[in-house]
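Student: Structure file upload.tsv (TSV, C-alpha atoms and all ligand atoms) right here:
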```tsv
chain	number	residue	atom	x	y	z
A	1	MET	CA	-15.82	9.05	0.23
A	2	SER	CA	-18.10	8.49	3.21
A	3	SER	CA	-16.95	8.93	6.79
A	4	ALA	CA	-19.21	5.93	7.58
A	5	TYR	CA	-16.07	3.79	7.71
A	6	PHE	CA	-15.07	5.50	10.94
A	7	GLN	CA	-17.74	4.94	13.62
A	8	GLY	CA	-17.74	4.14	17.34
A	9	PRO	CA	-14.25	2.98	18.42
A	10	TRP	CA	-13.15	3.07	14.79
A	11	VAL	CA	-12.27	6.77	14.95
A	12	PRO	CA	-9.02	7.72	13.21
A	13	ALA	CA	-6.08	7.31	15.58
A	14	ALA	CA	-5.00	10.91	14.83
A	15	ASP	CA	-6.16	13.93	12.85
A	16	ARG	CA	-3.28	14.30	10.34
A	17	ALA	CA	-2.07	11.75	7.79
A	18	LEU	CA	0.38	11.45	4.89
A	19	VAL	CA	-0.65	9.04	2.12
A	20	THR	CA	1.88	8.06	-0.55
A	21	GLY	CA	0.32	6.84	-3.78
A	22	GLY	CA	-2.64	9.05	-2.90
A	23	SER	CA	-3.34	10.12	-6.49
A	24	SER	CA	-4.66	6.80	-7.81
A	25	GLY	CA	-6.35	3.53	-6.96
A	26	ILE	CA	-6.08	2.20	-3.43
A	27	GLY	CA	-4.10	5.14	-2.02
A	28	ARG	CA	-6.56	7.65	-3.48
A	29	ASP	CA	-9.53	5.80	-1.97
A	30	ILE	CA	-7.86	5.73	1.45
A	31	ALA	CA	-6.89	9.42	1.25
A	32	LEU	CA	-10.49	10.40	0.42
A	33	MET	CA	-11.83	8.12	3.17
A	34	LEU	CA	-9.57	9.78	5.75
A	35	ALA	CA	-10.42	13.28	4.51
A	36	GLY	CA	-14.12	12.38	4.71
A	37	ALA	CA	-13.60	11.48	8.36
A	38	GLY	CA	-12.14	14.91	9.15
A	39	VAL	CA	-8.45	14.04	8.87
A	40	GLU	CA	-6.04	16.57	7.32
A	41	VAL	CA	-4.33	14.58	4.55
A	42	PHE	CA	-1.11	15.10	2.57
A	43	VAL	CA	-1.02	13.07	-0.64
A	44	VAL	CA	2.33	12.14	-2.24
A	45	GLY	CA	3.04	10.84	-5.74
A	46	ARG	CA	5.29	11.62	-8.67
A	47	ARG	CA	2.80	13.56	-10.83
A	48	MET	CA	1.55	16.80	-9.30
A	49	GLU	CA	-1.44	17.27	-11.61
A	50	ARG	CA	-2.91	13.94	-10.52
A	51	LEU	CA	-2.39	14.82	-6.85
A	52	GLU	CA	-4.07	18.17	-7.42
A	53	ALA	CA	-7.07	16.41	-8.98
A	54	VAL	CA	-7.56	14.36	-5.79
A	55	ALA	CA	-7.10	17.44	-3.62
A	56	ALA	CA	-9.81	19.17	-5.64
A	57	GLU	CA	-12.25	16.40	-4.68
A	58	SER	CA	-11.89	17.34	-1.00
A	59	ASP	CA	-13.10	20.35	0.95
A	60	GLY	CA	-9.56	21.70	1.21
A	61	SER	CA	-8.38	19.06	3.65
A	62	ILE	CA	-6.07	17.32	1.11
A	63	THR	CA	-2.71	18.91	0.24
A	64	PRO	CA	-0.68	17.60	-2.74
A	65	LEU	CA	3.09	17.09	-2.37
A	66	ALA	CA	5.07	15.71	-5.34
A	67	ALA	CA	7.87	13.22	-4.63
A	68	ASP	CA	9.25	9.94	-5.93
A	69	ILE	CA	9.50	7.73	-2.84
A	70	ARG	CA	12.73	6.24	-4.25
A	71	ASP	CA	14.38	9.65	-3.79
A	72	ALA	CA	15.24	10.13	-0.09
A	73	ASP	CA	15.78	13.89	-0.51
A	74	ALA	CA	12.37	14.30	-2.15
A	75	VAL	CA	10.76	12.23	0.63
A	76	ASP	CA	12.45	14.46	3.21
A	77	ALA	CA	11.18	17.60	1.46
A	78	ALA	CA	7.61	16.25	1.37
A	79	PHE	CA	7.62	15.46	5.10
A	80	THR	CA	9.24	18.82	5.91
A	81	ALA	CA	6.42	20.57	4.05
A	82	ALA	CA	3.75	18.43	5.75
A	83	GLU	CA	5.26	19.10	9.18
A	84	ALA	CA	5.68	22.85	8.67
A	85	GLU	CA	2.48	23.90	10.40
A	86	GLY	CA	1.28	21.04	12.57
A	87	GLY	CA	4.53	19.24	13.48
A	88	PRO	CA	5.13	15.49	13.05
A	89	VAL	CA	2.41	13.66	11.12
A	90	PRO	CA	1.03	10.82	13.30
A	91	LEU	CA	-0.69	8.70	10.60
A	92	LEU	CA	1.15	7.24	7.60
A	93	VAL	CA	-0.20	5.22	4.68
A	94	ASN	CA	2.29	4.01	2.08
A	95	ALA	CA	0.37	2.82	-0.97
A	96	ALA	CA	2.92	3.95	-3.57
A	97	SER	CA	4.58	1.10	-5.41
A	98	GLY	CA	5.10	-0.04	-8.97
A	99	ALA	CA	5.40	-3.37	-10.70
A	100	PHE	CA	5.22	-4.92	-14.14
A	101	LEU	CA	4.77	-8.52	-15.18
A	102	ALA	CA	7.80	-10.09	-16.87
A	103	ALA	CA	9.51	-13.47	-17.01
A	104	ALA	CA	12.27	-13.50	-14.40
A	105	GLU	CA	15.00	-14.00	-16.98
A	106	ASP	CA	13.81	-10.85	-18.79
A	107	ILE	CA	13.92	-8.55	-15.75
A	108	SER	CA	17.00	-6.33	-16.21
A	109	PRO	CA	19.02	-5.06	-13.23
A	110	GLY	CA	17.36	-1.68	-13.80
A	111	GLY	CA	13.90	-3.23	-13.88
A	112	PHE	CA	14.50	-5.19	-10.68
A	113	ALA	CA	15.87	-2.06	-9.00
A	114	ALA	CA	12.87	0.03	-10.15
A	115	VAL	CA	10.38	-2.37	-8.58
A	116	VAL	CA	12.33	-3.10	-5.39
A	117	GLY	CA	13.06	0.61	-5.11
A	118	SER	CA	9.38	1.56	-5.10
A	119	SER	CA	8.18	-1.44	-3.06
A	120	LEU	CA	10.86	-1.88	-0.38
A	121	ASN	CA	13.75	0.63	-0.37
A	122	GLY	CA	11.48	3.65	-0.92
A	123	PRO	CA	8.89	2.56	1.65
A	124	PHE	CA	11.73	2.16	4.19
A	125	GLN	CA	12.87	5.75	3.54
A	126	VAL	CA	9.26	6.91	3.94
A	127	LEU	CA	8.86	5.00	7.23
A	128	ARG	CA	12.20	6.21	8.59
A	129	ARG	CA	11.52	9.86	7.74
A	130	TRP	CA	7.98	9.60	9.16
A	131	ALA	CA	9.19	8.05	12.41
A	132	GLN	CA	12.21	10.25	13.19
A	133	PRO	CA	10.34	13.34	14.48
A	134	LEU	CA	7.69	11.25	16.22
A	135	LEU	CA	10.34	9.25	18.07
A	136	GLY	CA	12.19	12.47	18.87
A	137	ALA	CA	9.07	14.09	20.33
A	138	GLY	CA	7.72	10.93	21.99
A	139	THR	CA	4.49	11.33	20.01
A	140	PRO	CA	2.47	8.18	19.21
A	141	GLY	CA	1.75	7.23	15.62
A	142	ALA	CA	0.43	4.50	13.35
A	143	ALA	CA	1.64	3.43	9.91
A	144	MET	CA	-0.07	1.17	7.40
A	145	MET	CA	2.04	-0.08	4.52
A	146	VAL	CA	0.23	-1.49	1.48
A	147	SER	CA	1.83	-4.85	0.74
A	148	SER	CA	0.42	-7.53	-1.59
A	149	ALA	CA	-0.95	-11.06	-1.50
A	150	LEU	CA	2.10	-11.71	-3.67
A	151	ALA	CA	4.24	-11.51	-0.54
A	152	GLU	CA	3.15	-15.07	0.25
A	153	ARG	CA	1.54	-16.37	-2.96
A	154	GLU	CA	4.05	-16.48	-5.76
A	155	VAL	CA	2.90	-16.19	-9.36
A	156	PRO	CA	4.93	-16.34	-12.59
A	157	GLY	CA	6.02	-12.88	-13.78
A	158	ALA	CA	6.21	-11.17	-10.40
A	159	ALA	CA	9.54	-12.35	-8.92
A	160	HIS	CA	10.70	-8.78	-8.22
A	161	SER	CA	7.39	-7.67	-6.70
A	162	SER	CA	6.95	-10.82	-4.57
A	163	ALA	CA	10.49	-10.49	-3.19
A	164	ALA	CA	10.05	-6.81	-2.42
A	165	LYS	CA	6.65	-7.17	-0.75
A	166	ALA	CA	7.83	-10.14	1.34
A	167	GLY	CA	10.74	-7.92	2.41
A	168	LEU	CA	8.32	-5.12	3.23
A	169	GLU	CA	6.33	-7.39	5.54
A	170	ALA	CA	9.54	-8.54	7.27
A	171	LEU	CA	10.50	-4.88	7.61
A	172	ILE	CA	7.26	-3.89	9.30
A	173	ARG	CA	7.68	-6.73	11.81
A	174	SER	CA	11.20	-5.53	12.65
A	175	LEU	CA	10.09	-1.91	13.00
A	176	ALA	CA	7.09	-2.92	15.12
A	177	VAL	CA	9.55	-4.51	17.55
A	178	GLU	CA	11.98	-1.58	17.51
A	179	TRP	CA	9.48	1.27	17.61
A	180	GLY	CA	6.57	-0.28	19.53
A	181	PRO	CA	8.11	0.49	22.92
A	182	ARG	CA	8.32	4.13	21.78
A	183	GLY	CA	4.68	4.46	20.78
A	184	LEU	CA	4.57	3.63	17.07
A	185	ARG	CA	2.36	0.92	15.53
A	186	ILE	CA	3.37	-0.45	12.12
A	187	ASN	CA	1.08	-2.79	10.16
A	188	SER	CA	0.49	-3.80	6.57
A	189	LEU	CA	-2.55	-4.35	4.39
A	190	ALA	CA	-2.08	-6.99	1.69
A	191	PRO	CA	-4.55	-6.72	-1.20
A	192	GLY	CA	-5.18	-9.48	-3.69
A	193	ALA	CA	-6.70	-8.58	-7.06
A	194	PHE	CA	-8.35	-5.14	-7.24
A	195	SER	CA	-9.17	-3.25	-10.39
A	196	THR	CA	-7.26	0.07	-10.31
A	197	GLU	CA	-5.86	2.32	-12.99
A	198	GLY	CA	-2.27	1.13	-12.51
A	199	ALA	CA	-2.97	-2.55	-11.98
A	200	ASP	CA	-5.42	-2.71	-14.89
A	201	ALA	CA	-2.87	-1.11	-17.21
A	202	GLY	CA	-0.03	-3.35	-16.06
A	203	MET	CA	-1.73	-6.70	-15.61
A	204	TRP	CA	-5.49	-7.12	-15.26
A	205	SER	CA	-6.33	-5.86	-18.76
A	206	PHE	CA	-4.49	-8.86	-20.22
A	207	GLY	CA	-7.06	-11.64	-20.52
A	208	PRO	CA	-4.88	-14.66	-19.64
A	209	VAL	CA	-3.47	-12.91	-16.55
A	210	HIS	CA	-6.95	-11.82	-15.45
A	211	ASP	CA	-8.35	-15.33	-15.93
A	212	ALA	CA	-5.43	-17.06	-14.20
A	213	ALA	CA	-5.91	-14.77	-11.20
A	214	LEU	CA	-9.63	-15.52	-11.06
A	215	ASP	CA	-8.89	-19.26	-11.20
A	216	ASN	CA	-6.80	-18.92	-8.04
A	217	ILE	CA	-9.16	-16.85	-5.92
A	218	PRO	CA	-11.36	-19.09	-3.73
A	219	LEU	CA	-14.09	-16.44	-3.52
A	220	GLY	CA	-14.12	-16.42	-7.31
A	221	ARG	CA	-13.98	-12.69	-8.00
A	222	PHE	CA	-11.84	-9.58	-7.77
A	223	GLY	CA	-12.25	-7.37	-4.70
A	224	ALA	CA	-14.35	-4.22	-4.65
A	225	SER	CA	-12.59	-1.08	-3.43
A	226	ASP	CA	-14.86	-0.71	-0.39
A	227	GLU	CA	-13.77	-4.18	0.70
A	228	LEU	CA	-10.29	-2.76	1.34
A	229	LEU	CA	-11.48	0.42	3.02
A	230	GLY	CA	-12.99	-1.29	6.07
A	231	PRO	CA	-9.78	-3.18	6.96
A	232	ALA	CA	-7.74	-0.03	6.24
A	233	ALA	CA	-9.99	2.06	8.49
A	234	PHE	CA	-9.55	-0.52	11.25
A	235	LEU	CA	-5.73	-0.47	11.09
A	236	LEU	CA	-5.73	3.36	11.14
A	237	SER	CA	-8.24	3.63	13.98
A	238	ARG	CA	-8.06	3.58	17.75
A	239	ALA	CA	-9.78	0.20	17.60
A	240	ALA	CA	-6.45	-1.23	16.41
A	241	GLY	CA	-4.52	0.28	19.31
A	242	TYR	CA	-3.15	-3.14	20.35
A	243	VAL	CA	-2.33	-4.32	16.81
A	244	THR	CA	1.23	-3.99	15.50
A	245	GLY	CA	3.54	-5.97	13.25
A	246	ALA	CA	0.49	-7.53	11.59
A	247	THR	CA	-0.43	-8.07	7.97
A	248	VAL	CA	-4.14	-8.05	7.15
A	249	VAL	CA	-4.64	-10.00	3.92
A	250	VAL	CA	-7.69	-8.96	1.85
A	251	ASP	CA	-7.56	-11.20	-1.20
A	252	GLY	CA	-10.63	-13.47	-1.33
A	253	GLY	CA	-8.37	-16.30	-0.14
A	254	TRP	CA	-5.85	-16.11	-3.00
A	255	HIS	CA	-2.88	-16.60	-0.65
A	256	LEU	CA	-4.31	-20.02	0.34
A	257	SER	CA	-4.95	-21.30	-3.14
A	258	PRO	CA	-3.15	-24.59	-3.81
A	259	HIS	CA	-3.76	-24.49	-7.57
A	260	PRO	CA	-0.44	-24.00	-9.38
A	261	PHE	CA	-2.15	-24.90	-12.66
A	262	GLY	CA	-5.29	-22.88	-12.16
A	263	SER	CA	-8.38	-25.02	-11.74
A	264	VAL	CA	-7.16	-27.87	-13.97
A	265	PHE	CA	-6.77	-31.21	-12.14
A	266	PRO	CA	-5.63	-34.63	-13.45
A	267	PRO	CA	-8.48	-37.14	-13.87
A	268	ARG	CA	-9.00	-39.69	-11.03
A	269	GLY	CA	-7.85	-43.21	-11.25
A	301	LIG	C1	-1.83	-11.20	-5.86
A	301	LIG	C2	-1.81	-9.80	-6.35
A	301	LIG	C3	-1.21	-9.64	-7.73
A	301	LIG	C4	-1.18	-8.22	-8.20
A	301	LIG	C5	0.01	-7.48	-7.69
A	301	LIG	C6	-0.07	-6.05	-8.05
A	301	LIG	C7	0.97	-5.30	-7.80
A	301	LIG	C8	0.98	-3.87	-8.06
A	301	LIG	O1	1.95	-3.25	-7.73
A	301	LIG	S1	-0.33	-3.10	-8.75
A	301	LIG	C9	0.21	-1.40	-8.92
A	301	LIG	C10	0.46	-1.17	-10.28
A	301	LIG	N1	0.82	0.23	-10.52
A	301	LIG	C11	1.94	0.50	-11.07
A	301	LIG	O2	2.78	-0.35	-11.31
A	301	LIG	C12	2.11	1.94	-11.42
A	301	LIG	C13	3.48	2.42	-11.28
A	301	LIG	N2	4.44	1.69	-12.17
A	301	LIG	C14	5.63	2.13	-12.42
A	301	LIG	O3	5.96	3.19	-11.94
A	301	LIG	C15	6.55	1.31	-13.31
A	301	LIG	O4	5.92	0.09	-13.64
A	301	LIG	C16	7.94	0.98	-12.71
A	301	LIG	C17	7.82	0.06	-11.51
A	301	LIG	C18	8.79	0.29	-13.75
A	301	LIG	C19	8.69	2.21	-12.27
A	301	LIG	O5	8.73	3.20	-13.23
A	301	LIG	P1	10.07	3.94	-13.71
A	301	LIG	O6	11.16	3.91	-12.75
A	301	LIG	O7	9.63	5.26	-14.22
A	301	LIG	O8	10.46	2.95	-14.84
A	301	LIG	P2	11.31	3.09	-16.16
A	301	LIG	O9	10.38	3.21	-17.29
A	301	LIG	O10	12.37	4.13	-16.02
A	301	LIG	O11	11.98	1.65	-16.19
A	301	LIG	C20	12.89	1.26	-15.17
A	301	LIG	C21	13.42	-0.11	-15.57
A	301	LIG	O12	12.34	-1.04	-15.56
A	301	LIG	C22	12.25	-1.69	-16.86
A	301	LIG	N3	10.85	-1.96	-17.19
A	301	LIG	C23	9.81	-1.09	-17.08
A	301	LIG	N4	8.68	-1.68	-17.48
A	301	LIG	C24	9.00	-2.93	-17.88
A	301	LIG	C25	8.25	-4.04	-18.41
A	301	LIG	N5	6.93	-3.94	-18.61
A	301	LIG	N6	8.90	-5.18	-18.68
A	301	LIG	C26	10.23	-5.31	-18.48
A	301	LIG	N7	11.02	-4.28	-17.98
A	301	LIG	C27	10.39	-3.13	-17.69
A	301	LIG	C28	12.84	-0.65	-17.81
A	301	LIG	O13	13.28	-1.26	-19.00
A	301	LIG	C29	14.00	-0.12	-16.98
A	301	LIG	O14	15.04	-1.04	-16.99
A	301	LIG	P3	16.48	-0.66	-17.63
A	301	LIG	O15	16.19	-0.12	-19.01
A	301	LIG	O16	17.24	-1.93	-17.64
A	301	LIG	O17	17.08	0.37	-16.73
A	302	LIG	N1	-4.51	-3.27	-7.50
A	302	LIG	C1	-4.10	-4.48	-7.16
A	302	LIG	O1	-4.61	-5.51	-7.67
A	302	LIG	C2	-3.01	-4.63	-6.14
A	302	LIG	C3	-2.33	-3.56	-5.61
A	302	LIG	N2	-1.38	-3.77	-4.65
A	302	LIG	C4	-0.66	-2.65	-4.05
A	302	LIG	O2	-1.55	-1.57	-3.80
A	302	LIG	C5	-0.83	-0.35	-3.85
A	302	LIG	C6	-1.58	0.62	-4.73
A	302	LIG	O3	-1.68	0.06	-6.04
A	302	LIG	P1	-2.81	0.51	-7.07
A	302	LIG	O4	-3.72	1.48	-6.42
A	302	LIG	O5	-3.35	-0.70	-7.68
A	302	LIG	O6	-1.89	1.25	-8.16
A	302	LIG	P2	-2.01	2.61	-8.97
A	302	LIG	O7	-0.96	2.48	-10.04
A	302	LIG	O8	-3.41	2.87	-9.40
A	302	LIG	O9	-1.54	3.72	-7.94
A	302	LIG	C7	-0.19	3.86	-7.60
A	302	LIG	C8	0.01	5.17	-6.89
A	302	LIG	O10	1.35	5.23	-6.42
A	302	LIG	C9	2.01	6.36	-6.99
A	302	LIG	N3	3.41	5.95	-7.20
A	302	LIG	C10	3.87	4.90	-7.91
A	302	LIG	N4	5.19	4.82	-7.85
A	302	LIG	C11	5.59	5.86	-7.07
A	302	LIG	C12	6.85	6.32	-6.64
A	302	LIG	N5	7.98	5.71	-6.99
A	302	LIG	N6	6.90	7.41	-5.82
A	302	LIG	C13	5.75	8.03	-5.46
A	302	LIG	N7	4.54	7.64	-5.84
A	302	LIG	C14	4.45	6.57	-6.65
A	302	LIG	C15	1.23	6.67	-8.26
A	302	LIG	O11	1.32	8.03	-8.67
A	302	LIG	P3	2.44	8.49	-9.74
A	302	LIG	O12	2.45	7.43	-10.81
A	302	LIG	O13	2.00	9.83	-10.20
A	302	LIG	O14	3.71	8.53	-8.97
A	302	LIG	C16	-0.19	6.38	-7.77
A	302	LIG	O15	-0.67	7.44	-6.98
A	302	LIG	C17	0.58	-0.70	-4.34
A	302	LIG	O16	1.45	-0.78	-3.22
A	302	LIG	C18	0.40	-2.06	-4.97
A	302	LIG	O17	1.58	-2.82	-4.96
A	302	LIG	C19	-1.05	-5.02	-4.20
A	302	LIG	C20	-1.70	-6.12	-4.71
A	302	LIG	C21	-2.72	-6.01	-5.72
```
Using structure tokens, write down the structure from this file.
Ligand SMILES: CCCCC/C=C/C(=O)SCCNC(=O)CCNC(=O)[C@H](O)C(C)(C)COP(=O)(O)OP(=O)(O)OC[C@H]1O[C@@H](n2cnc3c(N)ncnc32)[C@H](O)[C@@H]1OP(=O)(O)O
Ligand SMILES: NC(=O)C1=CN([C@@H]2O[C@H](COP(=O)(O)OP(=O)(O)OC[C@H]3O[C@@H](n4cnc5c(N)ncnc54)[C@H](OP(=O)(O)O)[C@@H]3O)[C@@H](O)[C@H]2O)C=CC1
Tutor:
Amino acid sequence: MSSAYFQGPWVPAADRALVTGGSSGIGRDIALMLAGAGVEVFVVGRRMERLEAVAAESDGSITPLAADIRDADAVDAAFTAAEAEGGPVPLLVNAASGAFLAAAEDISPGGFAAVVGSSLNGPFQVLRRWAQPLLGAGTPGAAMMVSSALAEREVPGAAHSSAAKAGLEALIRSLAVEWGPRGLRINSLAPGAFSTEGADAGMWSFGPVHDAALDNIPLGRFGASDELLGPAAFLLSRAAGYVTGATVVVDGGWHLSPHPFGSVFPPRG
């Protein structure tokens, strides 16, 4: 991934980063972008072999660390390993999250907990563990949590994910207020529809879901991965030094769409 995303004032805000969800899709692209800009990157996910594959794409600057972000002990172990040589890690990206599409009445307690666990509870444990040593040392840092356009644009089948991502955005605003005075910036990036391995498998490969999404996107198309990287680079750069508690929505306008029935309108008159 090119370091061209980081130029001029858009230099990374620090030289070490931990990226959860760094083995696939959006997290992988961001991890490779940071590594390409000279940042030492730790990638976290549940499956080690997939993390190792991403690490192998770098020049040795990406280190794989396996953990399920819903497991606070595993999150602690991953940060402890990342901090072993260079101390607290100043940059955090949380892209890890999981969701499936299901009618609300069919989401079991376990299914709701699995999605909220990976999209809200787990990200809080990641943020808390990331911040503790930085706050203790008085070292500045910046976190970018990957949210979703679903935080403010509800769609059928995603009640658990919408609720969790809306909670995540509320959480980052609270933490921005609590930790800002102590040198930490916390923002979120909210993607709309992007073709990735996980999202394609879970939703976009189903024709009616794909077409309903397209109907609701004012720009009329899915996003390309490099259209997320620029906004991500900004939030993780010195250029964003006065930005905290913000959500940058990158969704082709989906969150504005007023079309609950797709593009079908009643006839005039
Ligand atoms: C505007 C933008 C729209 C697009 C929004 C996109 C959002 C995204 O998040 S895209 C990223 C997609 N990537 C992934 O989702 C990959 C990771 N996914 C997962 O890990 C799983 O989907 C997970 C969230 C369910 C978590 O996995 P895990 O904990 O391993 O899950 P289990 O198999 O143990 O199941 C737990 C629980 O959930 C129920 N369940 C799982 N899948 C479904 C399903 N398709 N439908 C209904 N219920 C499901 C499963 O039955 C378990 O429940 P209980 O049996 O009651 O315990
Ligand atoms: N693609 C899209 O259209 C959209 C995506 N998003 C958000 O973007 C982010 C990335 O999604 P995307 O790249 O599409 O998805 P992918 O499924 O392609 O990637 C998900 C990554 O997260 C890891 N992961 C998932 N659950 C956990 C967990 N519990 N603990 C640790 N790691 C985990 C996966 O690795 P492993 O499975 O090995 O753990 C993988 O590296 C998510 O937060 C998602 O909600 C939001 C809106 C739209």
Student: When the cut-off is 7 Å and you count all atoms listed in the file, which residues lie near ligand LIG 302 (chain A), shown as a ChimeraX atom specification?
Tutor: /A:20-28,44-47,50,67-70,95-99,118-119,146-150,190-199
Student: Generate a file of the selected residues that holds C-alpha atoms, formatted as a compact mmCIF listing (two decimals), in the frame of the given file.
Tutor:
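So again.txt came out as:
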```txt
# COMPACT_ATOMS: atom_id res chain seq x y z
CA THR A 20 1.88 8.06 -0.55
CA GLY A 21 0.32 6.84 -3.78
CA GLY A 22 -2.64 9.05 -2.90
CA SER A 23 -3.34 10.12 -6.49
CA SER A 24 -4.66 6.80 -7.81
CA GLY A 25 -6.35 3.53 -6.96
CA ILE A 26 -6.08 2.20 -3.43
CA GLY A 27 -4.10 5.14 -2.02
CA ARG A 28 -6.56 7.65 -3.48
CA VAL A 44 2.33 12.14 -2.24
CA GLY A 45 3.04 10.84 -5.74
CA ARG A 46 5.29 11.62 -8.67
CA ARG A 47 2.80 13.56 -10.83
CA ARG A 50 -2.91 13.94 -10.52
CA ALA A 67 7.87 13.22 -4.63
CA ASP A 68 9.25 9.94 -5.93
CA ILE A 69 9.50 7.73 -2.84
CA ARG A 70 12.73 6.24 -4.25
CA ALA A 95 0.37 2.82 -0.97
CA ALA A 96 2.92 3.95 -3.57
CA SER A 97 4.58 1.10 -5.41
CA GLY A 98 5.10 -0.04 -8.97
CA ALA A 99 5.40 -3.37 -10.70
CA SER A 118 9.38 1.56 -5.10
CA SER A 119 8.18 -1.44 -3.06
CA VAL A 146 0.23 -1.49 1.48
CA SER A 147 1.83 -4.85 0.74
CA SER A 148 0.42 -7.53 -1.59
CA ALA A 149 -0.95 -11.06 -1.50
CA LEU A 150 2.10 -11.71 -3.67
CA ALA A 190 -2.08 -6.99 1.69
CA PRO A 191 -4.55 -6.72 -1.20
CA GLY A 192 -5.18 -9.48 -3.69
CA ALA A 193 -6.70 -8.58 -7.06
CA PHE A 194 -8.35 -5.14 -7.24
CA SER A 195 -9.17 -3.25 -10.39
CA THR A 196 -7.26 0.07 -10.31
CA GLU A 197 -5.86 2.32 -12.99
CA GLY A 198 -2.27 1.13 -12.51
CA ALA A 199 -2.97 -2.55 -11.98
```
Student: Mind pulling up the distance from atom CA of Pro123 of chain A to atom CA of Arg173 of chain A?
Tutor: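 Computing the Euclidean distance for atom CA of Arg173 of chain A and atom CA of Pro123 of chain A yields 13.8 Å.
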Student: In Å to one decimal, how far is atom CA of Gly38 of chain A from atom O1 of ligand LIG 301 (chain A)?
Tutor: 28.5 Å
Student: Restricting the calculation to all atoms listed in the file: of A:Ala81, A:Val39, A:Leu101, A:Ala31, which residue gets closest to Asp200 of chain A?
Tutor: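 When distances to Asp200 of chain A are compared using all atoms listed in the file, the smallest one comes from A:Leu101.
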Student: Tell me which residues come within 12 Å of (-9.2, -1.0, 19.2), as a list in words, counting all atoms listed in the file in the file's coordinates.
Tutor: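 Looking at atoms near the point gives Gln7, Gly8, Pro9, Trp10, Val11, Pro12, Ala13, Ala233, Phe234, Leu235, Leu236, Ser237, Arg238, Ala239, Ala240, Gly241, Tyr242, Val243 and Thr244 of chain A.
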Student: Can you work out which one of A:Gly86, A:Pro140, A:Gly252, A:Gly202 has the shortest atom-to-atom distance to ligand LIG 301 (chain A), counting all atoms listed in the file?
Tutor: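 That would be A:Gly202, the residue with the smallest distance to ligand LIG 301 (chain A).
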Student: Excluding Ala142 of chain A and residues on its chain fewer than 5 positions from it, collect all residues at most 6 Å away from it, counting all atoms listed in the file, and give them as a ChimeraX atom specification.
Tutor: /A:91,184-186
Student: As an exercise, work out the distance from atom C25 of ligand LIG 301 (chain A) to atom CA of Ser108 of chain A in Å and give it to one decimal place.
Tutor: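 Calculated distance between atom C25 of ligand LIG 301 (chain A) and atom CA of Ser108 of chain A is 9.3 Å.
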Student: Could you write segment 44-55 of chain A as a compact mmCIF listing (two decimals), in the frame of the given file, with N, CA and C atoms rebuilt where they are missing?
Tutor:
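File selection.txt, as written:
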```
# COMPACT_ATOMS: atom_id res chain seq x y z
N VAL A 44 1.01 12.13 -1.59
CA VAL A 44 2.33 12.14 -2.24
C VAL A 44 2.32 11.19 -3.43
N GLY A 45 2.87 11.66 -4.55
CA GLY A 45 3.04 10.84 -5.74
C GLY A 45 4.00 11.57 -6.65
N ARG A 46 4.31 10.97 -7.79
CA ARG A 46 5.29 11.62 -8.67
C ARG A 46 4.67 12.74 -9.51
N ARG A 47 3.41 12.59 -9.90
CA ARG A 47 2.80 13.56 -10.83
C ARG A 47 1.86 14.52 -10.10
N MET A 48 2.29 15.79 -10.07
CA MET A 48 1.55 16.80 -9.30
C MET A 48 0.12 16.99 -9.79
N GLU A 49 -0.08 16.96 -11.11
CA GLU A 49 -1.44 17.27 -11.61
C GLU A 49 -2.45 16.22 -11.13
N ARG A 50 -2.01 14.98 -10.98
CA ARG A 50 -2.91 13.94 -10.52
C ARG A 50 -3.19 14.09 -9.01
N LEU A 51 -2.18 14.55 -8.28
CA LEU A 51 -2.39 14.82 -6.85
C LEU A 51 -3.36 15.98 -6.67
N GLU A 52 -3.19 17.00 -7.51
CA GLU A 52 -4.07 18.17 -7.42
C GLU A 52 -5.52 17.78 -7.73
N ALA A 53 -5.70 16.84 -8.64
CA ALA A 53 -7.07 16.41 -8.98
C ALA A 53 -7.74 15.76 -7.77
N VAL A 54 -6.99 14.98 -7.00
CA VAL A 54 -7.56 14.36 -5.79
C VAL A 54 -7.84 15.43 -4.74
N ALA A 55 -6.90 16.36 -4.60
CA ALA A 55 -7.10 17.44 -3.62
C ALA A 55 -8.38 18.22 -3.94
```
